[in-house]
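Enquirer: Just one file: upload.tsv, with TSV, C-alpha atoms.
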```tsv
chain	number	residue	atom	x	y	z
B	1267	MET	CA	115.54	59.46	94.30
B	1268	THR	CA	118.80	58.83	92.44
B	1269	ALA	CA	121.84	56.74	93.21
B	1270	SER	CA	124.14	59.74	93.57
B	1271	SER	CA	123.79	63.23	94.93
B	1272	THR	CA	125.49	66.49	95.64
B	1273	PHE	CA	126.21	67.99	99.01
B	1274	GLY	CA	126.20	71.72	98.48
B	1275	PHE	CA	127.50	72.02	94.93
B	1276	VAL	CA	130.00	69.11	95.12
B	1277	PRO	CA	129.30	65.66	93.60
B	1278	ALA	CA	128.91	63.09	96.35
B	1279	GLY	CA	131.01	59.98	96.44
B	1280	SER	CA	133.85	61.08	94.14
B	1281	ALA	CA	137.32	59.99	95.21
B	1282	ASP	CA	138.47	63.45	96.37
B	1283	THR	CA	135.19	64.89	97.69
B	1284	LYS	CA	135.50	65.37	101.44
B	1285	THR	CA	133.83	67.56	104.03
B	1286	ASP	CA	133.57	68.18	107.76
B	1287	PRO	CA	131.53	65.30	109.21
B	1288	VAL	CA	129.60	67.74	111.39
B	1289	ARG	CA	128.23	69.26	108.20
B	1290	ILE	CA	126.88	65.87	107.17
B	1291	LEU	CA	125.45	65.32	110.66
B	1292	ASN	CA	123.69	68.68	110.53
B	1293	SER	CA	122.16	67.82	107.15
B	1294	LEU	CA	120.32	64.82	108.62
B	1295	PRO	CA	116.67	65.41	109.54
B	1296	VAL	CA	115.98	65.27	113.27
B	1297	SER	CA	112.84	63.33	114.07
B	1298	GLY	CA	111.31	61.11	116.70
B	1299	GLU	CA	111.57	57.42	115.89
B	1300	ALA	CA	108.85	55.00	114.90
B	1301	THR	CA	108.31	52.61	117.78
B	1302	SER	CA	106.31	49.76	116.26
B	1303	GLY	CA	105.95	47.57	113.19
B	1304	TYR	CA	109.52	46.29	112.92
B	1305	SER	CA	110.32	42.67	112.11
B	1306	ARG	CA	113.70	41.39	110.95
B	1307	SER	CA	111.87	39.34	108.32
B	1308	LEU	CA	110.96	42.60	106.54
B	1309	PHE	CA	114.62	42.92	105.50
B	1310	SER	CA	115.69	40.04	103.27
B	1311	HIS	CA	119.41	39.75	103.95
B	1312	TRP	CA	122.45	37.75	102.91
B	1313	SER	CA	121.12	37.74	99.35
B	1314	ASP	CA	123.12	37.54	96.11
B	1315	LEU	CA	121.85	40.74	94.51
B	1316	ASP	CA	124.61	40.95	91.90
B	1317	SER	CA	124.09	37.30	90.87
B	1318	ASP	CA	127.78	36.45	91.07
B	1319	GLY	CA	127.17	33.30	93.11
B	1320	CYS	CA	128.37	34.82	96.41
B	1321	ASP	CA	125.92	35.93	99.08
B	1322	THR	CA	126.33	39.18	101.00
B	1323	ARG	CA	128.02	37.61	104.02
B	1324	GLU	CA	130.62	35.99	101.78
B	1325	GLU	CA	131.17	39.25	99.89
B	1326	VAL	CA	131.75	41.22	103.10
B	1327	LEU	CA	134.20	38.64	104.44
B	1328	ILE	CA	136.16	38.97	101.20
B	1329	GLN	CA	136.15	42.77	101.43
B	1330	GLU	CA	136.99	42.90	105.13
B	1331	ARG	CA	139.87	40.43	105.19
B	1332	VAL	CA	143.25	41.74	106.36
B	1333	PHE	CA	144.87	39.07	104.23
B	1334	GLY	CA	143.95	35.78	102.60
B	1335	GLN	CA	143.46	34.29	99.17
B	1336	VAL	CA	140.02	34.27	97.58
B	1337	SER	CA	138.82	31.00	96.09
B	1338	GLY	CA	135.34	31.34	94.62
B	1339	CYS	CA	133.27	32.85	97.42
B	1340	LYS	CA	135.59	31.77	100.23
B	1341	VAL	CA	138.69	33.26	101.82
B	1342	VAL	CA	141.53	30.76	102.30
B	1343	ASN	CA	144.03	31.32	105.13
B	1344	GLY	CA	142.39	34.64	105.93
B	1345	LYS	CA	142.46	36.97	108.90
B	1346	TRP	CA	139.90	39.52	110.12
B	1347	VAL	CA	140.11	42.25	112.77
B	1348	SER	CA	137.03	43.68	114.48
B	1349	GLN	CA	137.07	47.50	114.46
B	1350	PHE	CA	134.83	47.61	117.54
B	1351	ASP	CA	137.21	45.89	119.96
B	1352	GLY	CA	140.41	44.89	118.13
B	1353	VAL	CA	139.66	41.17	118.35
B	1354	SER	CA	141.18	39.18	115.48
B	1355	THR	CA	140.39	35.77	114.06
B	1356	THR	CA	141.48	33.40	111.32
B	1357	ASN	CA	138.14	31.58	111.52
B	1358	ALA	CA	135.43	33.59	109.77
B	1359	SER	CA	132.67	31.71	111.59
B	1360	ASN	CA	133.75	33.50	114.79
B	1361	PHE	CA	132.72	36.86	113.34
B	1362	ASP	CA	129.33	38.39	112.62
B	1363	ILE	CA	128.49	40.65	109.69
B	1364	ASP	CA	127.13	43.77	111.34
B	1365	HIS	CA	124.72	46.25	109.82
B	1366	LEU	CA	126.49	49.34	111.12
B	1367	VAL	CA	123.14	51.10	111.40
B	1368	PRO	CA	121.05	48.16	112.63
B	1369	LEU	CA	117.98	47.06	110.72
B	1370	LYS	CA	115.65	48.07	113.55
B	1371	GLU	CA	117.33	51.47	113.86
B	1372	ALA	CA	116.94	51.96	110.11
B	1373	TRP	CA	113.26	51.01	110.35
B	1374	ASP	CA	112.67	53.41	113.22
B	1375	SER	CA	114.50	56.19	111.35
B	1376	GLY	CA	112.55	56.04	108.10
B	1377	ALA	CA	112.91	52.61	106.50
B	1378	TRP	CA	109.32	51.85	107.51
B	1379	ARG	CA	108.38	53.97	104.49
B	1380	TRP	CA	110.37	51.84	102.04
B	1381	ASP	CA	109.14	49.16	99.70
B	1382	ARG	CA	110.39	45.58	99.97
B	1383	GLY	CA	113.08	46.01	97.32
B	1384	THR	CA	114.61	49.03	99.05
B	1385	ARG	CA	114.69	47.22	102.38
B	1386	GLN	CA	116.46	44.30	100.72
B	1387	ARG	CA	119.02	46.62	99.11
B	1388	TYR	CA	119.67	48.24	102.47
B	1389	ALA	CA	120.17	44.89	104.18
B	1390	ASN	CA	122.66	43.85	101.50
B	1391	ASP	CA	124.35	47.19	100.79
B	1392	LEU	CA	127.73	46.49	99.20
B	1393	GLY	CA	127.83	49.92	97.56
B	1394	TYR	CA	129.22	51.67	100.62
B	1395	ALA	CA	131.98	49.95	102.58
B	1396	SER	CA	130.80	51.20	105.97
B	1397	SER	CA	127.29	49.76	105.68
B	1398	LEU	CA	128.31	46.18	106.47
B	1399	ILE	CA	131.39	45.20	108.46
B	1400	ALA	CA	132.86	42.03	109.96
B	1401	VAL	CA	133.11	42.27	113.76
B	1402	SER	CA	133.54	39.97	116.73
B	1403	ALA	CA	130.36	38.17	117.72
B	1404	SER	CA	130.61	39.47	121.28
B	1405	SER	CA	130.80	43.13	120.22
B	1406	ASN	CA	127.90	42.70	117.81
B	1407	ARG	CA	125.76	41.14	120.55
B	1408	SER	CA	126.72	43.97	122.92
B	1409	LYS	CA	125.69	46.60	120.39
B	1410	GLY	CA	122.39	45.00	119.42
B	1411	ALA	CA	120.01	47.53	117.84
B	1412	ARG	CA	121.22	50.49	119.90
B	1413	ASP	CA	122.22	53.86	118.49
B	1414	PRO	CA	125.30	55.93	119.52
B	1415	ALA	CA	123.42	57.58	122.39
B	1416	GLN	CA	123.01	54.10	123.88
B	1417	TRP	CA	126.14	52.21	122.82
B	1418	LEU	CA	129.64	52.98	121.56
B	1419	PRO	CA	132.51	50.65	120.64
B	1420	ASN	CA	135.59	50.37	122.83
B	1421	GLN	CA	137.80	51.48	119.94
B	1422	ASN	CA	137.64	53.68	116.84
B	1423	ARG	CA	134.80	55.92	118.01
B	1424	CYS	CA	135.58	58.69	115.51
B	1425	ARG	CA	135.44	56.17	112.69
B	1426	TYR	CA	132.23	54.70	114.09
B	1427	ALA	CA	130.52	58.10	114.28
B	1428	LYS	CA	131.58	59.02	110.74
B	1429	ASP	CA	130.46	55.66	109.39
B	1430	TRP	CA	127.13	55.96	111.21
B	1431	ILE	CA	126.28	59.36	109.76
B	1432	GLY	CA	127.58	58.19	106.39
B	1433	VAL	CA	125.07	55.35	106.29
B	1434	LYS	CA	122.25	57.59	107.47
B	1435	PHE	CA	123.11	60.23	104.86
B	1436	ARG	CA	123.36	57.61	102.12
B	1437	TRP	CA	119.90	56.22	102.88
B	1438	ARG	CA	118.22	59.49	103.91
B	1439	LEU	CA	117.51	58.30	107.44
B	1440	SER	CA	116.77	60.61	110.34
B	1441	VAL	CA	118.45	60.94	113.72
B	1442	ASP	CA	116.74	61.53	117.03
B	1443	SER	CA	117.87	64.34	119.32
B	1444	GLY	CA	119.83	62.14	121.75
B	1445	GLU	CA	121.57	60.35	118.91
B	1446	LYS	CA	122.55	63.64	117.26
B	1447	LYS	CA	123.88	65.03	120.55
B	1448	SER	CA	126.06	61.97	121.14
B	1449	LEU	CA	127.38	61.99	117.58
B	1450	GLY	CA	128.12	65.71	117.77
B	1451	GLU	CA	130.13	65.24	120.97
B	1452	ILE	CA	132.22	62.49	119.37
B	1453	LEU	CA	132.76	64.31	116.08
B	1454	GLY	CA	133.78	67.46	117.94
B	1455	LYS	CA	136.89	65.57	119.06
B	1456	CYS	CA	137.69	64.18	115.60
B	1457	SER	CA	140.04	66.18	113.38
B	1458	ALA	CA	139.80	64.37	110.04
B	1459	THR	CA	137.32	65.04	107.26
B	1460	MET	CA	135.29	62.29	105.60
B	1461	LYS	CA	134.21	61.41	102.10
B	1462	ILE	CA	130.67	62.36	101.21
B	1463	PRO	CA	128.80	59.07	100.69
B	1464	PRO	CA	126.94	58.36	97.45
B	1465	ARG	CA	123.17	58.36	97.84
B	1466	ALA	CA	121.34	55.05	97.53
B	1467	PRO	CA	118.12	54.87	95.49
B	1468	THR	CA	115.00	54.42	97.59
B	1469	LYS	CA	111.38	53.74	96.77
B	1470	THR	CA	108.49	54.21	99.13
B	1471	ALA	CA	105.42	52.08	99.62
B	1472	THR	CA	101.98	52.68	101.07
B	1473	LEU	CA	102.28	51.56	104.66
B	1474	THR	CA	100.34	51.68	107.88
B	1475	VAL	CA	101.93	54.47	109.87
B	1476	PRO	CA	103.81	53.03	112.87
B	1477	SER	CA	103.61	54.72	116.24
B	1478	GLY	CA	105.87	57.76	116.21
B	1479	GLY	CA	106.04	57.99	112.41
B	1480	THR	CA	104.38	59.90	109.60
B	1481	SER	CA	102.70	58.52	106.50
B	1482	GLN	CA	104.10	58.68	102.99
B	1483	SER	CA	103.03	57.09	99.73
B	1484	GLY	CA	105.02	57.20	96.51
B	1485	ALA	CA	107.03	60.45	96.69
B	1486	ASP	CA	107.63	63.07	99.33
B	1487	PRO	CA	104.61	65.36	99.74
B	1488	ARG	CA	104.96	69.10	99.12
B	1489	PHE	CA	104.69	71.33	102.17
B	1490	GLY	CA	104.17	75.06	102.39
B	1491	THR	CA	107.49	75.61	104.16
B	1492	CYS	CA	110.67	73.74	104.99
B	1493	GLY	CA	109.72	73.97	108.63
B	1494	ALA	CA	106.59	71.95	107.97
B	1495	ALA	CA	108.52	69.41	105.88
B	1496	ILE	CA	111.15	68.93	108.57
B	1497	LYS	CA	108.53	68.62	111.30
B	1498	ALA	CA	106.90	65.81	109.29
B	1499	GLY	CA	110.24	64.03	108.95
B	1500	PHE	CA	111.14	64.94	105.35
B	1501	GLY	CA	114.23	66.54	103.77
B	1502	PRO	CA	116.94	67.58	103.28
B	1503	TYR	CA	116.77	68.17	99.51
B	1504	ILE	CA	119.87	68.83	97.44
B	1505	LYS	CA	120.28	71.03	94.37
B	1506	GLY	CA	120.87	69.11	91.16
B	1507	THR	CA	119.63	65.84	92.60
B	1508	ASP	CA	116.28	66.20	94.34
B	1509	SER	CA	113.36	67.67	92.40
B	1510	GLN	CA	111.90	68.79	95.73
B	1511	TYR	CA	114.75	71.32	96.04
B	1512	SER	CA	112.87	73.69	93.72
B	1513	TRP	CA	109.84	73.70	96.02
B	1514	TYR	CA	111.59	75.62	98.79
B	1515	ILE	CA	113.74	78.73	99.31
B	1516	ASP	CA	117.48	78.15	99.80
B	1517	ARG	CA	118.02	81.14	102.06
B	1518	ASP	CA	121.72	80.52	102.74
B	1519	ARG	CA	122.36	79.46	99.11
B	1520	ASP	CA	124.36	76.41	100.09
B	1521	GLY	CA	122.57	74.07	97.70
B	1522	VAL	CA	120.59	72.32	100.43
B	1523	VAL	CA	117.06	73.10	101.64
B	1524	CYS	CA	115.03	71.77	104.56
B	1525	GLU	CA	118.16	70.94	106.54
```
Please express what this file holds, its structure, as structure tokens.
Expert:
Amino acid sequence: MTASSTFGFVPAGSADTKTDPVRILNSLPVSGEATSGYSRSLFSHWSDLDSDGCDTREEVLIQERVFGQVSGCKVVNGKWVSQFDGVSTTNASNFDIDHLVPLKEAWDSGAWRWDRGTRQRYANDLGYASSLIAVSASSNRSKGARDPAQWLPNQNRCRYAKDWIGVKFRWRLSVDSGEKKSLGEILGKCSATMKIPPRAPTKTATLTVPSGGTSQSGADPRFGTCGAAIKAGFGPYIKGTDSQYSWYIDRDRDGVVCE
């Protein structure tokens, strides 16, 4: 896997590359979720992966501030507003840093295949602004590990749905049928396009298959048809980025197979 990708024939993540969010939603593999094996300790979070002396929580608070001066790793006289409920604070300790797609949801949707390093990068993803956000503690507790079929914020639902599918696209995570239905209903009422997220690099590990999942070691296996690949929870593959693209027939010639 590479750190960037194309969606169709357009480079992902460039400043002016936008598309209909429903198109991104429809590119996500639909699969039942793993239902066992998750532990929060499997995702090492609030690390300092860029070795600049600031941990991930501090970095997100700097990025998410409405205003405030930055001194080292701290925000002085800052203010934050929670996109979930509109609550504001000038005391950063009142806010949580939320994994927009919760760690457990990520695990259930495909992260169980990842190696330790990939899980750590996911838990500390500063490469995509929607991955980690500062929100009120009460809204974060209300959300928990639930997906959009089970919980939605009081405000900014279009933004939430776009951000959710953006994170899942970036990390090649699947959606379940109820989740996809809920997201489709929200996005059907949203008029704006969205930027195509850059792909994140992932690496798989040999794991015990959790209940509801499928096994994978090293790279994606080759199947006889896209239908078989999708049924096993793999794909989509994108022309110019994924070597697996050449394994399958792109019948609609849109640059994506096994959608």
Enquirer: Have a look at B:Ser1405, B:Gln1349, B:Thr1355, B:Thr1470 and name the one nearest to Arg1423 in chain B; count only C-alpha atoms.
Expert: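 Using only C-alpha atoms, the shortest distance to Arg1423 in chain B belongs to B:Gln1349.
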Enquirer: Excluding same-chain residues fewer than 3 positions from Trp1380 in chain B, what lies within 6 Å of it counting only C-alpha atoms, as a tab-separated table (two decimals) with C-alpha atoms, keeping the file's coordinate frame?
Expert:
```tsv
chain	number	residue	atom	x	y	z
B	1377	ALA	CA	112.91	52.61	106.50
B	1384	THR	CA	114.61	49.03	99.05
B	1469	LYS	CA	111.38	53.74	96.77
B	1470	THR	CA	108.49	54.21	99.13
B	1471	ALA	CA	105.42	52.08	99.62
```
Enquirer: Set up a box along x, y and z of the file covering all listed atoms of range 1424-1436 of chain B, add 8 Å on every one of the six sides, and write the centre and edge lengths in Å to one decimal, as JSON.
Expert:
```
{"center_x": 128.9, "center_y": 57.5, "center_z": 108.8, "size_x": 29.3, "size_y": 21.5, "size_z": 29.4}
```
Enquirer: Which residue out of B:Asp1391, B:Asp1413, B:Asp1286, B:Asp1321 has the minimum interatomic distance to Gly1454 in chain B when all atoms listed in the file are used?
Expert: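 Comparing B:Asp1391, B:Asp1413, B:Asp1286, B:Asp1321 against Gly1454 in chain B, the winner is B:Asp1286.
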Enquirer: Record the distance separating CA of Asn1406 in chain B and CA of Leu1449 in chain B, expressed in Å with one decimal.
Expert: 19.3 Å
Enquirer: Looking at all atoms listed in the file, which of B:Trp1312, B:Phe1500, B:Phe1361, B:Trp1513 is the one that sits closest to Arg1407 in chain B?
Expert: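 Answer, going by the shortest atom-to-atom distance: B:Phe1361.
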Enquirer: Which one of B:Phe1309, B:Trp1346, B:Trp1378, B:Cys1320 sits closest to His1365 in chain B if you count all atoms listed in the file?
Expert: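 Among the listed residues, the smallest separation from His1365 in chain B belongs to B:Phe1309.
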Enquirer: Find the residues around Thr1356 in chain B up to 9 Å (only C-alpha atoms counted), leave out those fewer than 2 positions away in its own chain, and share them as a VMD selection string.
Expert: chain B and resid 1343 to 1346 1354 1358 to 1360
Enquirer: Quote the spacing between CA of Asp1374 in chain B and CA of Ser1307 in chain B in Å to one decimal place.
Expert: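 It comes out at 14.9 Å.
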